[in-house]
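To start, the structure under review is shown below, and the notes come after it.
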Amino acid sequence: MRRTLGNTRRLTRTLAILTVATALTGLVAPPGASAAPPPPAPEVPLESPDATAAELPAATELEKVRAVHEIEVGDATAEWRNATDMNFVFKVYDRINGTDFPLTKEESYRVYRIMVHTPAAPDATAFIRTGVFDFAARDRIERQRRQDAWNETVRVRREALIDAELAYDDVILNDNDQNFVYKVYQRAPAGTRLKLGALDAFGGDAAVWKDFIENKIRELHHQDQLDYIEREKQKGEEEGRRAEAVAAKKDACHKIPVVAVASWLLLPDDDFIRELLKTPELADPAHREIKNAANAALIAGAADWARFITTGIGEARARDDARILREREEADRQKVRDIKTKADASRLRPRLSAAAASVATTGTWDQVKDFLAKGQYLPLDQGFSGVTVNTRGWHVRSGGGDAWATPGTQPANTVTAPLGEASWKVVAGLADANCFSLESATRVGSYLRVAPNLRVQLAGNDGTDGFKLNATWCARPGLDNSAGNVSLQSKAHPGRYLRQFWGELWAAHGQSNENNFDTTGNFATDASWKTVDPNPNISTKIDLRLLNEDWWREYFGPATTPEYIENGVRVRKFQNGAAFWNPSLGPKNILFPILTKYWSMGGHKVPANLPVVDNLFLPDGVGRATHLESGRSIYWSPSTDSRLIFGAIRGLWESMGWERSWLGYPISDEMDVPGEPGKRRSMFQFGNIDHTAEKGAWAYRR
């Protein structure tokens, strides 16, 4: 019944518009468009928010037990289980290991602060029910990344100690930087540059310790080696050569690194290289450049053996290090690309896709790592806009209870305002991680779910399996077959999709008249959605015509100003025209070149000067016209320019059939006749119309 009444109202309004437009010109649409405009948009649905529907029941004991186990704080004792949700969150903050779970600790503090100021807020319950698991999962990922970074630190330390020929164990390798430096000082031989350098570095700051570990240990040890060689040279030429050869072989071992075996250091160069090739380190693919260079040197001659030992092994190690860094960076960039691919496939996260694309292509490696650690979790809020004609610019919205598609109500004194309650956090499906759930961005813990009567509502997550199933939606390519649009199939009701039906949202299949919202008409577009930026504004009446009537957009071209209000009239200017709106006439357009004439007459600032119909495309396919509230009209053709016609002269020309009469188009505005006071005249292509108060208006050929 509701649909029938709605169709009747739309048909009545359409016939009224067509009657007026036909009486004026016979055409209201541009060439190539339908002669009749699309039917008027349905009225804005009357929403009935039910904030209580979005309230969250308190967390259960079982949910608290699961949360305790998730954050690894021991057994879920009665102290945990019996705590209020607010106090439970504080206990998380107080007891959790901040090193292992820094993000979860930070979030628990944020939530607790909210609860202190707003004890009735749902944030604590939502944190226990879902948030703690989301943040703990992120912490575990970051924990592994920190562990990988620390493993790299340990590797650098181990190699530095091997290079310096100092003993090492797990204690020194895993100590803090300052203690590590002090232990190098303790273990370095007396009187060496390394020992003195370690003592100096120990008194420095964090940057000095880091530089000493990563650079200075090797530099100072190398200087100690040069000092040793110089002392040996002073003993004799042979001792100097032997010292240089031994030092070169030691240095070669350290660059891999492997601990230099004393017997290797006295071998001929080729045999020394063969011993290196037997080590497990050169069997490791991480050192493939060194292994390849060693094999190549052996195939060559003695000069290449020596060159490999003195410089070649270092160059090969540098290539290995550079390759490994490239591989690590590429692996991280691939993770970002994978995030983009998944975001694209979902059709629900265009902002995440755009952020990932930017970082993957132009971001530094540090920016890539920051995106993986934090950035990917930020742009998850989206809005959803209808795609059926006359519902474009309508957004999914709910403040609790029934959800709607609505453009909002155009404000009276401002151009627009935020629609509100129309942003949705796209998260992993509560019942299926391969699907999605839509959490209200303004009502924490509340999701769009399918009610038992198939109405789609915003309701608080009660933690039950039934709620999770009904609040899970699986993204599918838009049923309307438009690129980028998405359809959301209910996980709980396969074959039923999120559909707008006269502003109401239902889980519908569009296959029968089983329910009025299941009808086939417009189902493909009604059940398809355009994903848009969050926090959408109310769609103004001008917005709605632009979005829902293609010819308006096509003829206007790009906007040159935002919409503004002047003298009670809404105006927006475009490259090829302007749009006007007031409450009695609705949105109308005027296009160039007629618009130039309209501006010269004072435009919308003049009383009763607004257009009553859209810019008319006349039956001859050449001319255009605009009719104004005051009864005046502007007619244009390429050969006559824009001309103003009004009053009795306009009335006579209208009765003759407008430009289709023998007079053709006006070639002048209405004007006084020189020497004949009281007589007015409009000149046309093939004659004139004159007017006097006594005689009225008459037409004649010139």
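By convention in this document, the chains of the structure tokens carry letters A, B, ... by their order, each chain's residues are numbered from 1, and ligands are numbered from 1 in the order they are shown.
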Item to complete: Write out as a list of chain:residue names the residues lying within 7 Å of range 468-470 of chain A, counting only C-alpha atoms and excluding same-chain residues fewer than 3 positions away.
Response: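 Residues near the query, excluding close chain neighbours: A:Leu430, A:Ala431, A:Arg449, A:Val450, A:Thr464, A:Asp465, A:Lys491, A:Ala492.
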Output all heavy atoms of each residue in that selection to a file, as a compact mmCIF listing (two decimals), in the first residue's frame.
```txt
# COMPACT_ATOMS: atom_id res chain seq x y z
N LEU A 430 32.27 -9.96 12.35
CA LEU A 430 32.20 -10.53 13.69
C LEU A 430 32.04 -12.05 13.65
O LEU A 430 32.49 -12.75 14.55
CB LEU A 430 31.03 -9.92 14.47
CG LEU A 430 31.12 -8.41 14.76
CD1 LEU A 430 29.86 -7.93 15.46
CD2 LEU A 430 32.35 -8.09 15.60
N ALA A 431 31.39 -12.55 12.57
CA ALA A 431 31.17 -13.99 12.46
C ALA A 431 32.04 -14.64 11.39
O ALA A 431 32.08 -15.87 11.31
CB ALA A 431 29.69 -14.27 12.15
N ARG A 449 22.78 -4.59 11.79
CA ARG A 449 22.47 -6.02 11.82
C ARG A 449 21.08 -6.23 11.24
O ARG A 449 20.25 -5.31 11.15
CB ARG A 449 22.56 -6.55 13.24
CG ARG A 449 21.53 -5.97 14.22
CD ARG A 449 20.23 -6.79 14.26
NE ARG A 449 19.22 -6.21 15.13
CZ ARG A 449 19.00 -6.62 16.36
NH1 ARG A 449 19.74 -7.58 16.87
NH2 ARG A 449 18.04 -6.05 17.08
N VAL A 450 20.79 -7.48 10.87
CA VAL A 450 19.48 -7.86 10.34
C VAL A 450 18.61 -8.30 11.50
O VAL A 450 18.95 -9.24 12.23
CB VAL A 450 19.60 -8.98 9.30
CG1 VAL A 450 18.22 -9.31 8.73
CG2 VAL A 450 20.56 -8.59 8.18
N THR A 464 26.61 -12.27 21.52
CA THR A 464 26.11 -13.61 21.18
C THR A 464 26.48 -13.98 19.76
O THR A 464 26.70 -13.12 18.90
CB THR A 464 24.59 -13.67 21.33
OG1 THR A 464 23.99 -12.75 20.39
CG2 THR A 464 24.16 -13.29 22.74
N ASP A 465 26.53 -15.28 19.51
CA ASP A 465 26.83 -15.75 18.16
C ASP A 465 25.76 -15.31 17.17
O ASP A 465 26.06 -15.01 16.01
CB ASP A 465 26.96 -17.28 18.14
CG ASP A 465 28.20 -17.76 18.88
OD1 ASP A 465 29.12 -16.95 19.09
OD2 ASP A 465 28.24 -18.95 19.25
N LYS A 491 25.39 -12.45 5.87
CA LYS A 491 25.97 -13.75 6.22
C LYS A 491 24.90 -14.65 6.82
O LYS A 491 24.91 -15.87 6.60
CB LYS A 491 27.12 -13.54 7.21
CG LYS A 491 27.78 -14.83 7.71
CD LYS A 491 28.67 -15.44 6.65
CE LYS A 491 29.41 -16.64 7.18
NZ LYS A 491 30.25 -17.29 6.16
N ALA A 492 23.97 -14.06 7.56
CA ALA A 492 22.92 -14.85 8.21
C ALA A 492 21.84 -15.28 7.25
O ALA A 492 21.14 -16.27 7.49
CB ALA A 492 22.31 -14.05 9.36
```
Worksheet item: Can you list, as a PyMOL selection string, every protein, DNA or RNA residue that comes within 8 Å of Gly510 in chain A when you count only C-alpha atoms, leaving out same-chain residues fewer than 3 positions away?
Response: chain A and resi 517-521+523
Fill in: Contact residues around Glu670 in chain A with only C-alpha atoms at 7 Å, ignoring same-chain residues under 6 positions, as an MDAnalysis selection string
chainID A and resid 644:645 680:682
For the selection you just gave me, I'd like the residues written to a file as a tab-separated table (two decimals), in the first residue's frame, keeping all heavy atoms.
```tsv
chain	number	residue	atom	x	y	z
A	644	LEU	N	15.17	39.67	-24.39
A	644	LEU	CA	14.17	39.67	-23.34
A	644	LEU	C	12.82	40.03	-23.95
A	644	LEU	O	12.69	41.00	-24.70
A	644	LEU	CB	14.55	40.68	-22.26
A	644	LEU	CG	13.57	40.83	-21.10
A	644	LEU	CD1	13.48	39.54	-20.30
A	644	LEU	CD2	14.00	42.00	-20.20
A	645	ILE	N	11.78	39.25	-23.58
A	645	ILE	CA	10.42	39.52	-24.07
A	645	ILE	C	9.46	39.33	-22.91
A	645	ILE	O	9.63	38.39	-22.11
A	645	ILE	CB	10.07	38.62	-25.27
A	645	ILE	CG1	8.70	39.00	-25.82
A	645	ILE	CG2	10.18	37.15	-24.94
A	645	ILE	CD1	8.41	38.36	-27.17
A	680	ARG	N	5.25	50.52	-27.52
A	680	ARG	CA	6.37	49.62	-27.26
A	680	ARG	C	6.50	48.65	-28.42
A	680	ARG	O	5.53	48.30	-29.09
A	680	ARG	CB	6.14	48.84	-25.96
A	680	ARG	CG	5.96	49.72	-24.74
A	680	ARG	CD	7.26	50.25	-24.23
A	680	ARG	NE	8.07	49.18	-23.65
A	680	ARG	CZ	9.32	49.35	-23.24
A	680	ARG	NH1	9.92	50.53	-23.37
A	680	ARG	NH2	9.98	48.33	-22.71
A	681	ARG	N	7.72	48.15	-28.64
A	681	ARG	CA	7.95	47.28	-29.80
A	681	ARG	C	9.01	46.23	-29.47
A	681	ARG	O	10.01	46.50	-28.81
A	681	ARG	CB	8.43	48.11	-30.99
A	681	ARG	CG	8.83	47.29	-32.22
A	681	ARG	CD	9.17	48.20	-33.38
A	681	ARG	NE	7.98	48.95	-33.81
A	681	ARG	CZ	8.01	50.08	-34.51
A	681	ARG	NH1	9.18	50.60	-34.85
A	681	ARG	NH2	6.90	50.70	-34.86
A	682	SER	N	8.76	45.03	-29.97
A	682	SER	CA	9.78	43.98	-30.02
A	682	SER	C	9.93	43.58	-31.48
A	682	SER	O	8.94	43.31	-32.18
A	682	SER	CB	9.37	42.75	-29.20
A	682	SER	OG	9.52	42.98	-27.82
```
Discussion item. Can you measure CA of Gln147 in chain A to CA of Asp100 in chain A for me? One decimal in Å is fine.
Written reply: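 If I compute the distance from CA of Gln147 in chain A to CA of Asp100 in chain A, I get 10.6 Å.
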Practice prompt. Would you list the contacts of range 402-407 of chain A as a VMD selection string, taking every protein, DNA or RNA residue within 7 Å and counting only C-alpha atoms, but skipping same-chain residues closer than 3 positions in sequence?
Written response: chain A and resid 44 to 45 49 393 to 398 456 to 458 500 503 to 505 538 to 539
Worksheet item: Near Thr391 in chain A, within 12 Å and counting only C-alpha atoms, which residues show up once chain neighbours fewer than 5 positions away are dropped, as number ranges by chain?
Response: A: 38-45, 384-386, 396, 404-408, 499-504, 522, 525-530, 539, 543-549
Discussion item. If I take CA of Asn97 in chain A and CA of Arg110 in chain A, how far is one from the other in Å, to one decimal?
Written reply: 16.4 Å
Give me the residues near Gly696 in chain A as a PDB file with all heavy atoms, in the first residue's frame, where near means some atom within 10 Å (using only C-alpha atoms) and where sequence neighbours in that chain fewer than 2 positions away do not count.
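Produced file part-v8.pdb, reproduced below:
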```pdb
ATOM      1  N   ALA A 648       2.366  42.054 -22.658  1.00  0.00           N
ATOM      2  CA  ALA A 648       1.372  41.749 -23.690  1.00  0.00           C
ATOM      3  C   ALA A 648       2.024  41.284 -24.981  1.00  0.00           C
ATOM      4  O   ALA A 648       1.464  40.449 -25.701  1.00  0.00           O
ATOM      5  CB  ALA A 648       0.508  42.987 -23.947  1.00  0.00           C
ATOM      6  N   ILE A 649       3.203  41.823 -25.287  1.00  0.00           N
ATOM      7  CA  ILE A 649       3.893  41.396 -26.507  1.00  0.00           C
ATOM      8  C   ILE A 649       4.258  39.921 -26.396  1.00  0.00           C
ATOM      9  O   ILE A 649       4.055  39.138 -27.340  1.00  0.00           O
ATOM     10  CB  ILE A 649       5.136  42.270 -26.749  1.00  0.00           C
ATOM     11  CG1 ILE A 649       4.704  43.700 -27.114  1.00  0.00           C
ATOM     12  CG2 ILE A 649       6.033  41.667 -27.820  1.00  0.00           C
ATOM     13  CD1 ILE A 649       5.857  44.657 -27.302  1.00  0.00           C
ATOM     14  N   LEU A 652       1.042  37.764 -26.842  1.00  0.00           N
ATOM     15  CA  LEU A 652       0.612  37.574 -28.225  1.00  0.00           C
ATOM     16  C   LEU A 652       1.522  36.583 -28.940  1.00  0.00           C
ATOM     17  O   LEU A 652       1.052  35.679 -29.647  1.00  0.00           O
ATOM     18  CB  LEU A 652       0.635  38.920 -28.959  1.00  0.00           C
ATOM     19  CG  LEU A 652       0.287  38.838 -30.461  1.00  0.00           C
ATOM     20  CD1 LEU A 652      -1.103  38.239 -30.681  1.00  0.00           C
ATOM     21  CD2 LEU A 652       0.394  40.224 -31.095  1.00  0.00           C
ATOM     22  N   LYS A 679       4.119  53.857 -27.161  1.00  0.00           N
ATOM     23  CA  LYS A 679       4.147  52.643 -27.995  1.00  0.00           C
ATOM     24  C   LYS A 679       5.423  51.863 -27.674  1.00  0.00           C
ATOM     25  O   LYS A 679       6.503  52.430 -27.580  1.00  0.00           O
ATOM     26  CB  LYS A 679       4.123  52.981 -29.479  1.00  0.00           C
ATOM     27  CG  LYS A 679       4.172  51.729 -30.369  1.00  0.00           C
ATOM     28  CD  LYS A 679       4.192  52.080 -31.849  1.00  0.00           C
ATOM     29  CE  LYS A 679       2.777  52.448 -32.301  1.00  0.00           C
ATOM     30  NZ  LYS A 679       2.703  52.543 -33.782  1.00  0.00           N
ATOM     31  N   ASP A 690       3.981  45.323 -31.948  1.00  0.00           N
ATOM     32  CA  ASP A 690       3.875  46.609 -31.264  1.00  0.00           C
ATOM     33  C   ASP A 690       2.768  46.522 -30.231  1.00  0.00           C
ATOM     34  O   ASP A 690       1.871  45.655 -30.300  1.00  0.00           O
ATOM     35  CB  ASP A 690       3.547  47.721 -32.256  1.00  0.00           C
ATOM     36  CG  ASP A 690       4.760  48.098 -33.095  1.00  0.00           C
ATOM     37  OD1 ASP A 690       5.844  47.514 -32.850  1.00  0.00           O
ATOM     38  OD2 ASP A 690       4.615  48.932 -33.994  1.00  0.00           O
ATOM     39  N   HIS A 691       2.818  47.488 -29.276  1.00  0.00           N
ATOM     40  CA  HIS A 691       1.793  47.509 -28.242  1.00  0.00           C
ATOM     41  C   HIS A 691       1.553  48.937 -27.794  1.00  0.00           C
ATOM     42  O   HIS A 691       2.496  49.713 -27.593  1.00  0.00           O
ATOM     43  CB  HIS A 691       2.236  46.677 -27.033  1.00  0.00           C
ATOM     44  CG  HIS A 691       1.292  46.768 -25.873  1.00  0.00           C
ATOM     45  ND1 HIS A 691       1.412  47.704 -24.870  1.00  0.00           N
ATOM     46  CD2 HIS A 691       0.180  46.046 -25.576  1.00  0.00           C
ATOM     47  CE1 HIS A 691       0.435  47.553 -24.000  1.00  0.00           C
ATOM     48  NE2 HIS A 691      -0.325  46.538 -24.401  1.00  0.00           N
ATOM     49  N   THR A 692       0.245  49.255 -27.656  1.00  0.00           N
ATOM     50  CA  THR A 692      -0.153  50.504 -27.009  1.00  0.00           C
ATOM     51  C   THR A 692      -1.255  50.184 -26.028  1.00  0.00           C
ATOM     52  O   THR A 692      -1.926  49.138 -26.120  1.00  0.00           O
ATOM     53  CB  THR A 692      -0.676  51.532 -28.025  1.00  0.00           C
ATOM     54  OG1 THR A 692      -1.872  51.021 -28.637  1.00  0.00           O
ATOM     55  CG2 THR A 692       0.374  51.834 -29.091  1.00  0.00           C
ATOM     56  N   ALA A 693      -1.480  51.101 -25.082  1.00  0.00           N
ATOM     57  CA  ALA A 693      -2.512  50.867 -24.077  1.00  0.00           C
ATOM     58  C   ALA A 693      -3.890  50.822 -24.711  1.00  0.00           C
ATOM     59  O   ALA A 693      -4.772  50.061 -24.285  1.00  0.00           O
ATOM     60  CB  ALA A 693      -2.448  51.961 -23.004  1.00  0.00           C
ATOM     61  N   GLU A 694      -4.122  51.644 -25.746  1.00  0.00           N
ATOM     62  CA  GLU A 694      -5.435  51.720 -26.374  1.00  0.00           C
ATOM     63  C   GLU A 694      -5.714  50.517 -27.278  1.00  0.00           C
ATOM     64  O   GLU A 694      -6.804  49.939 -27.275  1.00  0.00           O
ATOM     65  CB  GLU A 694      -5.549  53.004 -27.214  1.00  0.00           C
ATOM     66  CG  GLU A 694      -5.405  54.280 -26.418  1.00  0.00           C
ATOM     67  CD  GLU A 694      -3.938  54.622 -26.140  1.00  0.00           C
ATOM     68  OE1 GLU A 694      -3.031  53.973 -26.740  1.00  0.00           O
ATOM     69  OE2 GLU A 694      -3.689  55.502 -25.283  1.00  0.00           O
ATOM     70  N   TRP A 698      -0.232  43.945 -31.449  1.00  0.00           N
ATOM     71  CA  TRP A 698      -0.522  43.418 -32.791  1.00  0.00           C
ATOM     72  C   TRP A 698       0.792  43.115 -33.507  1.00  0.00           C
ATOM     73  O   TRP A 698       1.815  43.721 -33.243  1.00  0.00           O
ATOM     74  CB  TRP A 698      -1.393  44.384 -33.594  1.00  0.00           C
ATOM     75  CG  TRP A 698      -0.681  45.653 -34.004  1.00  0.00           C
ATOM     76  CD1 TRP A 698      -0.062  45.920 -35.174  1.00  0.00           C
ATOM     77  CD2 TRP A 698      -0.533  46.842 -33.206  1.00  0.00           C
ATOM     78  NE1 TRP A 698       0.470  47.184 -35.197  1.00  0.00           N
ATOM     79  CE2 TRP A 698       0.184  47.773 -33.986  1.00  0.00           C
ATOM     80  CE3 TRP A 698      -0.951  47.203 -31.909  1.00  0.00           C
ATOM     81  CZ2 TRP A 698       0.498  49.040 -33.509  1.00  0.00           C
ATOM     82  CZ3 TRP A 698      -0.647  48.469 -31.469  1.00  0.00           C
ATOM     83  CH2 TRP A 698       0.090  49.378 -32.256  1.00  0.00           C
TER      84      TRP A 698
END
```
Discussion item. With distances taken over only C-alpha atoms, which residue among A:Phe556, A:Phe272, A:Phe684, A:Tyr168 lies nearest Phe574 in chain A?
Written reply: A:Phe556
Practice prompt. Please measure the separation of CA of Arg66 in chain A and CA of Leu372 in chain A, giving the value in Å to one decimal.
Written response: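 Straight-line distance from CA of Arg66 in chain A to CA of Leu372 in chain A works out to 26.7 Å.
Among A:Asn688, A:Gln489, A:Phe467, A:His221, the residue with the shortest atom-to-atom distance to Leu166 in chain A, counting only C-alpha atoms, is A:His221.
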Practice prompt. If you run DSSP over the backbone, which residues in range 515-633 of chain A end up alpha helix (DSSP H)? Put them as a ChimeraX atom specification.
Written response: /A:523-526,541-548,550-556,594-600
Could the residues in this selection be saved with C-alpha atoms as an mmCIF file, in the first residue's frame?
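The new file again.cif reads:
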```cif
data_model
loop_
_atom_site.group_PDB
_atom_site.id
_atom_site.type_symbol
_atom_site.label_atom_id
_atom_site.label_comp_id
_atom_site.auth_asym_id
_atom_site.auth_seq_id
_atom_site.Cartn_x
_atom_site.Cartn_y
_atom_site.Cartn_z
ATOM 1 C CA PHE A 523 16.467 -4.346 -6.996
ATOM 2 C CA ALA A 524 19.909 -4.372 -8.665
ATOM 3 C CA THR A 525 20.455 -0.665 -8.015
ATOM 4 C CA ASP A 526 18.566 -0.534 -4.705
ATOM 5 C CA LYS A 541 18.204 20.157 -3.403
ATOM 6 C CA ILE A 542 20.712 21.360 -5.982
ATOM 7 C CA ASP A 543 23.046 18.482 -5.061
ATOM 8 C CA LEU A 544 20.241 15.992 -5.549
ATOM 9 C CA ARG A 545 19.394 17.208 -9.064
ATOM 10 C CA LEU A 546 23.061 17.160 -10.018
ATOM 11 C CA LEU A 547 23.466 13.623 -8.723
ATOM 12 C CA ASN A 548 20.226 12.207 -10.105
ATOM 13 C CA ASP A 550 22.740 13.136 -15.783
ATOM 14 C CA TRP A 551 21.949 15.879 -18.278
ATOM 15 C CA TRP A 552 22.259 18.516 -15.588
ATOM 16 C CA ARG A 553 25.829 17.432 -14.820
ATOM 17 C CA GLU A 554 26.745 16.993 -18.485
ATOM 18 C CA TYR A 555 25.510 20.431 -19.569
ATOM 19 C CA PHE A 556 26.821 22.297 -16.537
ATOM 20 C CA ILE A 594 21.196 33.004 -21.846
ATOM 21 C CA LEU A 595 22.841 33.249 -18.416
ATOM 22 C CA THR A 596 24.865 36.278 -19.566
ATOM 23 C CA LYS A 597 21.627 38.117 -20.352
ATOM 24 C CA TYR A 598 20.130 36.976 -17.042
ATOM 25 C CA TRP A 599 23.089 38.363 -15.045
ATOM 26 C CA SER A 600 22.788 41.688 -16.919
#
```
Discussion item. So, with only C-alpha atoms as the atoms that count, which of A:Asp75, A:Glu566, A:Glu275, A:Glu629 lies closest to Lys588 in chain A?
Written reply: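 Among the listed residues, A:Glu629 lies closest to Lys588 in chain A.
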Worksheet item: Tell me, which residues of range 369-472 of chain A carry DSSP strand (DSSP E), written as a ChimeraX atom specification?
Response: /A:381-386,395-397,401-402,404-406,424-428,436-440,446-450,456-460
